[in-house]
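Taking it in order: structure first as structure tokens, then the write-up.
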Amino acid sequence: MIKKGLYIFLLISTITVTFLGCNQSKHKSKHGLKVSYTADTLKVAYTYWWPQSGPFIGMCGQRYAMVFTGVITKIDISEKEPEALYTSQKGIIEIEQILTVRHLEKKKYDNQRFFSSDCFYEQGLKEGDKVVVFCYEYEDYYSIPGKKSIIKIKNDNDPIIKSIKKYIETDQNPLAIKDDIELWKKYDLDENLTQIIQCKEN
């Protein structure tokens, strides 16, 4: 009986390990670390050619596709291919709080735990930084124009988080955060905010 029980235990253990191995796609990063959460990662394209980036883009404020806070868990070494139009640097952010999200025609946010993109070059960010991230829609997919679209914050009570929440709750009405222009000046985003405020007023 003991031998039979041991045999069943070993058989179940083997099946379990095999099953888990098949369902977790593991990749090696440049740092040699194994990343096993690829299936739980929202991959977002870098629209590097957009003329603006950050939370306030366009003449009258482009609609957000997704805004969230999180912590940077990994940043790879930057890459510059001979014929590439931009320097790629991949990074991963663990998503903590979704501030707003839209399900797009070709892409749906399905409660993924991680976000990844190759827009981290010269962002001045490092692993462990807490950030707020602004994504937009491009051809029915999520996209990120980089640079000012990933902003380092202190915590969830950071003044700019309060400002962005107010902006989102008022259906992205810039007049609701008109008094926050000086706050955004610190991030060199005051002119962008002023532009969309003027558009709304006119």
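Just remember, in the structure tokens the first chain shown is A, the second B, etc., residues are 1-based per chain, and ligands are 1-based in the order shown.
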Chain A: which residues are helix (DSSP H, G or I) by DSSP, as an MDAnalysis selection string? chainID A and resid 2:23 38:40 147:149 159:169 174:185 190:201
List every residue of chain A that DSSP, applied to the backbone, labels as strand (DSSP E), and write the result as an MDAnalysis selection string. chainID A and resid 27:28 34:35 41:43 45:46 66:75 91:101 114:117 130:138 141:144 150:152
Please dump the current selection as a CSV table (one decimal), in the first residue's frame; keep N, CA and C atoms.
chain,number,residue,atom,x,y,z
A,27,HIS,N,11.6,33.3,-20.6
A,27,HIS,CA,12.6,33.9,-21.5
A,27,HIS,C,13.7,34.4,-20.7
A,28,LYS,N,14.9,34.4,-21.2
A,28,LYS,CA,16.1,35.0,-20.5
A,28,LYS,C,16.3,36.4,-20.9
A,34,LYS,N,15.4,34.8,-15.5
A,34,LYS,CA,14.3,34.1,-16.1
A,34,LYS,C,13.0,34.9,-15.8
A,35,VAL,N,12.4,35.3,-16.9
A,35,VAL,CA,11.1,36.0,-16.7
A,35,VAL,C,10.0,35.0,-17.1
A,41,THR,N,1.6,39.6,-19.5
A,41,THR,CA,2.1,40.9,-19.8
A,41,THR,C,1.4,41.6,-20.9
A,42,LEU,N,1.1,42.9,-20.8
A,42,LEU,CA,0.5,43.7,-21.8
A,42,LEU,C,1.6,44.4,-22.6
A,43,LYS,N,1.8,44.0,-23.8
A,43,LYS,CA,2.9,44.5,-24.6
A,43,LYS,C,2.3,45.7,-25.4
A,45,ALA,N,3.2,49.0,-28.0
A,45,ALA,CA,4.1,49.5,-29.0
A,45,ALA,C,4.5,51.0,-28.7
A,46,TYR,N,5.7,51.3,-29.1
A,46,TYR,CA,6.3,52.6,-28.9
A,46,TYR,C,6.0,53.5,-30.2
A,66,MET,N,-5.4,54.2,-21.8
A,66,MET,CA,-5.1,53.6,-20.6
A,66,MET,C,-4.1,54.4,-19.7
A,67,VAL,N,-4.4,54.5,-18.5
A,67,VAL,CA,-3.5,55.2,-17.5
A,67,VAL,C,-3.4,54.4,-16.3
A,68,PHE,N,-2.2,54.2,-15.8
A,68,PHE,CA,-2.1,53.3,-14.6
A,68,PHE,C,-0.8,53.7,-13.8
A,69,THR,N,-0.8,53.3,-12.6
A,69,THR,CA,0.4,53.5,-11.8
A,69,THR,C,1.1,52.1,-11.6
A,70,GLY,N,2.4,52.1,-11.3
A,70,GLY,CA,3.1,50.8,-11.1
A,70,GLY,C,4.5,51.0,-10.7
A,71,VAL,N,5.2,49.9,-10.6
A,71,VAL,CA,6.6,50.0,-10.3
A,71,VAL,C,7.5,49.3,-11.3
A,72,ILE,N,8.6,49.9,-11.7
A,72,ILE,CA,9.5,49.4,-12.7
A,72,ILE,C,10.2,48.2,-12.1
A,73,THR,N,10.0,47.0,-12.7
A,73,THR,CA,10.7,45.8,-12.2
A,73,THR,C,11.9,45.4,-13.0
A,74,LYS,N,12.0,45.9,-14.2
A,74,LYS,CA,13.2,45.5,-15.1
A,74,LYS,C,13.4,46.5,-16.2
A,75,ILE,N,14.6,46.8,-16.5
A,75,ILE,CA,15.0,47.6,-17.7
A,75,ILE,C,16.2,47.0,-18.3
A,91,GLY,N,11.6,47.6,-21.2
A,91,GLY,CA,11.4,47.7,-19.7
A,91,GLY,C,10.1,47.0,-19.4
A,92,ILE,N,9.9,46.7,-18.1
A,92,ILE,CA,8.7,46.0,-17.6
A,92,ILE,C,8.2,46.8,-16.3
A,93,ILE,N,7.0,47.0,-16.3
A,93,ILE,CA,6.4,47.7,-15.1
A,93,ILE,C,5.3,46.8,-14.5
A,94,GLU,N,5.3,46.6,-13.3
A,94,GLU,CA,4.3,45.9,-12.6
A,94,GLU,C,3.1,46.8,-12.3
A,95,ILE,N,2.0,46.5,-12.9
A,95,ILE,CA,0.8,47.4,-12.8
A,95,ILE,C,0.2,47.3,-11.4
A,96,GLU,N,0.0,48.4,-10.8
A,96,GLU,CA,-0.6,48.5,-9.4
A,96,GLU,C,-2.1,49.0,-9.4
A,97,GLN,N,-2.3,50.1,-10.1
A,97,GLN,CA,-3.6,50.7,-10.1
A,97,GLN,C,-4.0,51.2,-11.4
A,98,ILE,N,-5.1,50.8,-11.9
A,98,ILE,CA,-5.7,51.3,-13.2
A,98,ILE,C,-6.5,52.6,-12.9
A,99,LEU,N,-6.1,53.7,-13.5
A,99,LEU,CA,-6.8,54.9,-13.3
A,99,LEU,C,-7.9,55.1,-14.4
A,100,THR,N,-7.7,54.6,-15.6
A,100,THR,CA,-8.7,54.5,-16.6
A,100,THR,C,-8.2,53.6,-17.7
A,101,VAL,N,-9.2,52.9,-18.4
A,101,VAL,CA,-8.8,52.0,-19.5
A,101,VAL,C,-10.0,51.9,-20.4
A,114,PHE,N,1.5,42.8,-15.7
A,114,PHE,CA,2.7,43.6,-16.2
A,114,PHE,C,2.5,44.3,-17.5
A,115,PHE,N,3.2,45.4,-17.7
A,115,PHE,CA,3.2,46.2,-18.9
A,115,PHE,C,4.7,46.1,-19.4
A,116,SER,N,4.8,46.0,-20.7
A,116,SER,CA,6.2,46.0,-21.3
A,116,SER,C,6.1,46.9,-22.6
A,117,SER,N,7.3,47.6,-22.8
A,117,SER,CA,7.4,48.3,-24.0
A,117,SER,C,8.9,48.6,-24.2
A,130,LYS,N,8.6,54.1,-8.8
A,130,LYS,CA,7.2,54.1,-8.9
A,130,LYS,C,6.8,55.2,-10.0
A,131,VAL,N,5.9,54.8,-10.9
A,131,VAL,CA,5.6,55.7,-12.0
A,131,VAL,C,4.1,55.7,-12.3
A,132,VAL,N,3.7,56.7,-13.1
A,132,VAL,CA,2.4,56.8,-13.7
A,132,VAL,C,2.6,56.7,-15.2
A,133,VAL,N,1.8,56.0,-15.9
A,133,VAL,CA,2.0,55.7,-17.3
A,133,VAL,C,0.7,56.1,-18.1
A,134,PHE,N,1.0,56.8,-19.3
A,134,PHE,CA,-0.1,57.3,-20.1
A,134,PHE,C,0.0,56.6,-21.5
A,135,CYS,N,-1.1,55.8,-21.9
A,135,CYS,CA,-1.1,55.2,-23.1
A,135,CYS,C,-2.3,55.7,-24.0
A,136,TYR,N,-2.1,55.7,-25.3
A,136,TYR,CA,-3.1,56.2,-26.2
A,136,TYR,C,-3.5,55.1,-27.2
A,137,GLU,N,-4.4,55.4,-28.1
A,137,GLU,CA,-4.8,54.5,-29.1
A,137,GLU,C,-4.2,54.8,-30.4
A,138,TYR,N,-3.6,53.8,-31.1
A,138,TYR,CA,-3.1,53.9,-32.4
A,138,TYR,C,-3.5,52.7,-33.2
A,141,TYR,N,-4.9,49.8,-31.3
A,141,TYR,CA,-4.1,49.1,-30.4
A,141,TYR,C,-3.6,50.2,-29.3
A,142,TYR,N,-3.2,49.7,-28.2
A,142,TYR,CA,-2.6,50.6,-27.2
A,142,TYR,C,-1.2,51.0,-27.7
A,143,SER,N,-0.8,52.2,-27.4
A,143,SER,CA,0.5,52.7,-27.8
A,143,SER,C,1.0,53.7,-26.8
A,144,ILE,N,2.3,53.9,-26.8
A,144,ILE,CA,2.9,54.9,-25.8
A,144,ILE,C,3.9,55.7,-26.6
A,150,ILE,N,5.9,58.4,-19.3
A,150,ILE,CA,6.1,57.6,-18.1
A,150,ILE,C,6.8,58.6,-17.1
A,151,ILE,N,6.0,58.9,-16.0
A,151,ILE,CA,6.5,59.9,-15.1
A,151,ILE,C,6.7,59.3,-13.7
A,152,LYS,N,7.9,59.6,-13.1
A,152,LYS,CA,8.2,59.1,-11.8
A,152,LYS,C,7.4,59.8,-10.8
Spatial neighbours of Gly146 of chain A, 9 Å, only C-alpha atoms, chain gap at least 4 places, as a compact mmCIF listing (two decimals) with C-alpha atoms, in the first residue's frame:
# COMPACT_ATOMS: atom_id res chain seq x y z
CA TYR A 46 6.25 52.64 -28.91
CA THR A 47 4.97 55.35 -31.28
CA TYR A 48 8.35 57.05 -31.30
CA GLN A 52 4.36 64.93 -28.43
CA SER A 53 4.28 62.68 -25.40
CA GLY A 54 2.90 62.84 -21.89
CA ASP A 118 10.74 49.38 -25.61
CA CYS A 119 10.37 53.13 -24.94
CA PHE A 120 12.65 53.41 -21.88
CA TYR A 121 15.72 54.90 -23.58
CA GLN A 123 13.94 58.22 -19.60
CA PHE A 134 -0.11 57.26 -20.14
CA ILE A 150 6.13 57.60 -18.05
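Compared by their closest atoms to Gln198 of chain A, and using only C-alpha atoms, the residues A:Gly128, A:Cys60, A:Glu81, A:Asp40 rank with A:Cys60 nearest.
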Using only C-alpha atoms, which residues sit within 9 Å of segment 177-182 of chain A once same-chain residues fewer than 2 positions away are excluded, as an mmCIF file with C-alpha atoms, in the first residue's frame?
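So the final result, stored in part-v9.cif, reads:
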data_model
loop_
_atom_site.group_PDB
_atom_site.id
_atom_site.type_symbol
_atom_site.label_atom_id
_atom_site.label_comp_id
_atom_site.auth_asym_id
_atom_site.auth_seq_id
_atom_site.Cartn_x
_atom_site.Cartn_y
_atom_site.Cartn_z
ATOM 1 C CA ILE A 160 0.054 64.899 -10.051
ATOM 2 C CA SER A 163 -4.572 66.136 -10.695
ATOM 3 C CA ILE A 164 -4.840 63.325 -13.249
ATOM 4 C CA LYS A 166 -9.582 64.934 -11.351
ATOM 5 C CA TYR A 167 -8.933 65.270 -15.098
ATOM 6 C CA ASN A 173 -11.943 68.416 -19.087
ATOM 7 C CA PRO A 174 -8.756 70.524 -18.770
ATOM 8 C CA LEU A 175 -10.668 73.355 -17.090
ATOM 9 C CA TRP A 184 2.840 70.478 -14.106
ATOM 10 C CA LYS A 185 5.542 73.075 -14.767
ATOM 11 C CA LYS A 186 7.896 70.922 -12.707
ATOM 12 C CA LEU A 189 4.223 69.979 -19.176
ATOM 13 C CA ASP A 190 2.661 73.324 -18.276
ATOM 14 C CA GLU A 191 2.655 74.556 -21.895
ATOM 15 C CA LEU A 193 -1.741 71.748 -20.434
ATOM 16 C CA THR A 194 -2.168 75.464 -21.218
ATOM 17 C CA ILE A 197 -7.102 74.602 -21.724
#
